[in-house]
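Participant: One structure, as structure tokens, below. Some questions next.
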Amino acid sequence: MTETATYQLLDGKRCGDALREGIAKGAAEVKAKRGRVPHLAAVLVGDDGASKTYVESKVKACESVGFRSSLIRLPGTTAEDDLLHHIEQLNKDKDLDGFIVQLPLPEHIDEEKVTLAIAPDKDVDGFHPENIGRMVLGLDCFLPATPSGIVELLRHFSIETAGKHAVVVGRSHIVGTPMSILLSRNVYPGNCTVTLAHSRTKDLASLTRQADILVAAVGKPEMITADMVKDGAVVVDVGIHRIPDASKKSGFRLVGDVKFDEVAPKCSWIAPVPGGVGPMTITSLLLNTLKAARR
Ligand code: NDP
């Protein structure tokens, strides 16, 4: 029997483009008021190919909305103290509204130390404990870019969330855990009943099958299969993986944590990879930078 695909795409490119129009207007207003546009800096340590691509797309996105951007490249051999010194300088730089340090960092650098060193009022990635704590309490803060991008995606496509059972697979500090908090807040999009699953969860499929909204942030290519998804679910795929594909010029193709071809026909809405969560993460970073510039 052939299944009829009735799903709709949570199109992050379309949603991101719509939001970026407003961000560009915001940048022009900041310029008119302060005489300079919002300014974001990105620090890249080492030459990891994927990190380089992510940072470059963030810099390009800044240009597309009229922000100024600076890319600070440091060698992979940079000592932890030297990186912390750079961060101290960026914290003090009055010309800069916010900055990010692209993760992952080389193994000899303690990521926690680095995250803690970034001034909370310049932490546009929203990773500093002060911003995370304020998010939990529902206070004004910089929200972590990926989960807040997902919230904007749900808002843009008017996805109903109140009273829904959301299952988030993955509990990282930057995606899964903050996602579970944002979906449980008493605002729209939110008011979900949230289950947070991880590698110690027993019988994951029995939980994911109960999800009205399923967020996969597990970091395992195509792990979520059709038998794990309820009919009519809204599925948000955060994962992004390059897998070898000889039929592509690049030699690889991008897949998510969800086996798209077999899962999509069961969904009411699904975020594709690429073109779903990825563009929204960058849009959130721009929103946070605009917010910093307006402060
Ligand atoms: P992490 O590796 O930090 O976290 C993965 C989480 O998944 C952990 O909590 C882990 O559990 C859990 N997990 C691992 N295996 C299983 C399993 N078999 N069953 C249930 N849970 C499991 O990943 P991130 O959160 O940083 O990223 C997740 C994915 O999203 C990655 O593919 C990443 O590349 C992508 N990503 C995409 C972004 C975008 O903009 N599109 C932005 C950020 C990330 P435990 O805690 O027990 O180890």
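Going through the structure tokens in order, the chains are called A, B, and so on, while each chain numbers its residues from 1 and the ligands are numbered from 1 in the order shown.
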Compile the contact shell of A:Tyr7 as a PyMOL selection string: residues with an atom at most 7 Å away, counting only C-alpha atoms, same-chain residues fewer than 4 positions apart removed.

Facilitator: chain A and resi 264-265+267-269

Participant: With N, CA and C atoms retained, export the selected residues as an mmCIF file, in the first residue's frame.

Facilitator:
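To be explicit, this is the file written out as result-v7.cif:
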```
data_model
loop_
_atom_site.group_PDB
_atom_site.id
_atom_site.type_symbol
_atom_site.label_atom_id
_atom_site.label_comp_id
_atom_site.auth_asym_id
_atom_site.auth_seq_id
_atom_site.Cartn_x
_atom_site.Cartn_y
_atom_site.Cartn_z
ATOM 1 N N ALA A 264 8.310 11.086 8.009
ATOM 2 C CA ALA A 264 7.519 12.230 7.533
ATOM 3 C C ALA A 264 6.055 11.872 7.211
ATOM 4 N N PRO A 265 5.790 10.747 6.511
ATOM 5 C CA PRO A 265 4.393 10.451 6.166
ATOM 6 C C PRO A 265 3.480 10.266 7.381
ATOM 7 N N CYS A 267 3.672 12.220 10.060
ATOM 8 C CA CYS A 267 3.635 13.487 10.823
ATOM 9 C C CYS A 267 2.576 14.442 10.300
ATOM 10 N N SER A 268 2.141 15.362 11.182
ATOM 11 C CA SER A 268 1.368 16.499 10.688
ATOM 12 C C SER A 268 2.353 17.575 10.217
ATOM 13 N N TRP A 269 3.448 17.758 10.993
ATOM 14 C CA TRP A 269 4.498 18.714 10.655
ATOM 15 C C TRP A 269 5.834 18.068 10.959
#
```

Participant: What are the closest atom pairs, with distances in Å to one decimal, for each residue of stretch 166-268 of chain A lying within 8 Å of stretch 275-295 of chain A, using only C-alpha atoms, rows by chain and rising residue number, as CSV?

Facilitator:
```
residue,atom,partner,partner_atom,distance
A:Val236,CA,A:Val277,CA,7.6
A:Asp237,CA,A:Val277,CA,7.1
A:Val238,CA,A:Val277,CA,5.9
```

Participant: Name the closest residue to A:Val215 among the candidates A:Ile150, A:Ile174, A:Val59, A:Ala162; distances are taken between atoms, counting only C-alpha atoms.

Facilitator: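 The closest residue to A:Val215 is A:Ile150.
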
Participant: Mind checking which residues fall within 12 Å of A:Leu71, counting only C-alpha atoms, ignoring those fewer than 6 positions away in the same chain, and posting them as a list of chain:residue names?

Facilitator: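 Skipping anything fewer than 6 positions along the chain leaves A:His39, A:Leu40, A:Ala41, A:Ala42, A:Val43, A:Leu44, A:Val45, A:Lys52, A:Tyr54, A:Val55, A:Glu56, A:Ser57, A:Lys58, A:Val59, A:Lys60, A:Cys62, A:Phe99, A:Ile100, A:Val101, A:Gln102.
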
Participant: Restrict the calculation to only C-alpha atoms and all ligand atoms, then for each residue of chain A with any atom at most 6 Å from an atom of ligand 1 give the closest atom pair and their distance in Å to one decimal, rows by chain and rising residue number, as a Markdown table.

Facilitator:
```
| residue | atom | partner | partner_atom_place_in_ligand_line | distance |
| --- | --- | --- | --- | --- |
| A:Thr146 | CA | ligand 1 | 42 (C) | 5.5 |
| A:Val169 | CA | ligand 1 | 21 (N) | 5.5 |
| A:Gly170 | CA | ligand 1 | 7 (O) | 3.5 |
| A:Arg171 | CA | ligand 1 | 9 (O) | 3.6 |
| A:Ser172 | CA | ligand 1 | 25 (O) | 4.4 |
| A:Val175 | CA | ligand 1 | 25 (O) | 4.7 |
| A:Gly176 | CA | ligand 1 | 25 (O) | 5.7 |
| A:Ala197 | CA | ligand 1 | 21 (N) | 5.9 |
| A:His198 | CA | ligand 1 | 21 (N) | 3.4 |
| A:Ser199 | CA | ligand 1 | 21 (N) | 3.7 |
| A:Arg200 | CA | ligand 1 | 47 (O) | 5.6 |
| A:Ala217 | CA | ligand 1 | 28 (C) | 4.1 |
| A:Val218 | CA | ligand 1 | 7 (O) | 3.4 |
| A:Gly219 | CA | ligand 1 | 32 (O) | 3.4 |
| A:Val238 | CA | ligand 1 | 30 (O) | 4.6 |
| A:Gly239 | CA | ligand 1 | 32 (O) | 3.4 |
| A:Ile240 | CA | ligand 1 | 32 (O) | 4.5 |
| A:Val277 | CA | ligand 1 | 41 (N) | 4.8 |
| A:Gly278 | CA | ligand 1 | 41 (N) | 3.7 |
| A:Thr281 | CA | ligand 1 | 40 (O) | 4.8 |
```

Participant: Taking 4 positions as the minimum chain separation for residues in the same chain, which residues sit within 6 Å of stretch 243-257 of chain A when counting only C-alpha atoms? Answer as a list in words.

Facilitator: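 Using only C-alpha atoms, the neighbours found are Lys220, Pro221, Glu222, Met223, Gly239 and Val273 of chain A.
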
Participant: Please save N, CA, C and O atoms of the selected residues as a PDB file, in the first residue's frame.

Facilitator:
```
ATOM      1  N   LYS A 220      22.495  11.102  16.986  1.00  0.00           N
ATOM      2  CA  LYS A 220      22.713   9.786  16.356  1.00  0.00           C
ATOM      3  C   LYS A 220      21.968   9.775  15.022  1.00  0.00           C
ATOM      4  O   LYS A 220      20.730   9.877  15.004  1.00  0.00           O
ATOM      5  N   PRO A 221      22.710   9.630  13.894  1.00  0.00           N
ATOM      6  CA  PRO A 221      22.074   9.730  12.585  1.00  0.00           C
ATOM      7  C   PRO A 221      20.877   8.788  12.419  1.00  0.00           C
ATOM      8  O   PRO A 221      20.997   7.587  12.660  1.00  0.00           O
ATOM      9  N   GLU A 222      19.757   9.365  12.048  1.00  0.00           N
ATOM     10  CA  GLU A 222      18.527   8.628  11.678  1.00  0.00           C
ATOM     11  C   GLU A 222      18.079   7.613  12.737  1.00  0.00           C
ATOM     12  O   GLU A 222      17.533   6.559  12.403  1.00  0.00           O
ATOM     13  N   MET A 223      18.290   7.941  14.010  1.00  0.00           N
ATOM     14  CA  MET A 223      17.937   6.997  15.072  1.00  0.00           C
ATOM     15  C   MET A 223      16.428   6.882  15.287  1.00  0.00           C
ATOM     16  O   MET A 223      15.913   5.843  15.683  1.00  0.00           O
ATOM     17  N   GLY A 239      19.204  17.149  15.017  1.00  0.00           N
ATOM     18  CA  GLY A 239      20.483  16.531  14.640  1.00  0.00           C
ATOM     19  C   GLY A 239      20.974  16.977  13.285  1.00  0.00           C
ATOM     20  O   GLY A 239      20.187  17.342  12.396  1.00  0.00           O
ATOM     21  N   VAL A 273      16.016  18.274   7.547  1.00  0.00           N
ATOM     22  CA  VAL A 273      17.461  18.535   7.696  1.00  0.00           C
ATOM     23  C   VAL A 273      18.094  18.335   6.328  1.00  0.00           C
ATOM     24  O   VAL A 273      17.931  17.265   5.743  1.00  0.00           O
TER      25      VAL A 273
END
```

Participant: Taking only stretch 118-257 of chain A into account, list the residues labelled alpha helix (DSSP H) by DSSP (computed from the backbone), as number ranges by chain.

Facilitator: A: 129-137, 145-156, 176-184, 204-208
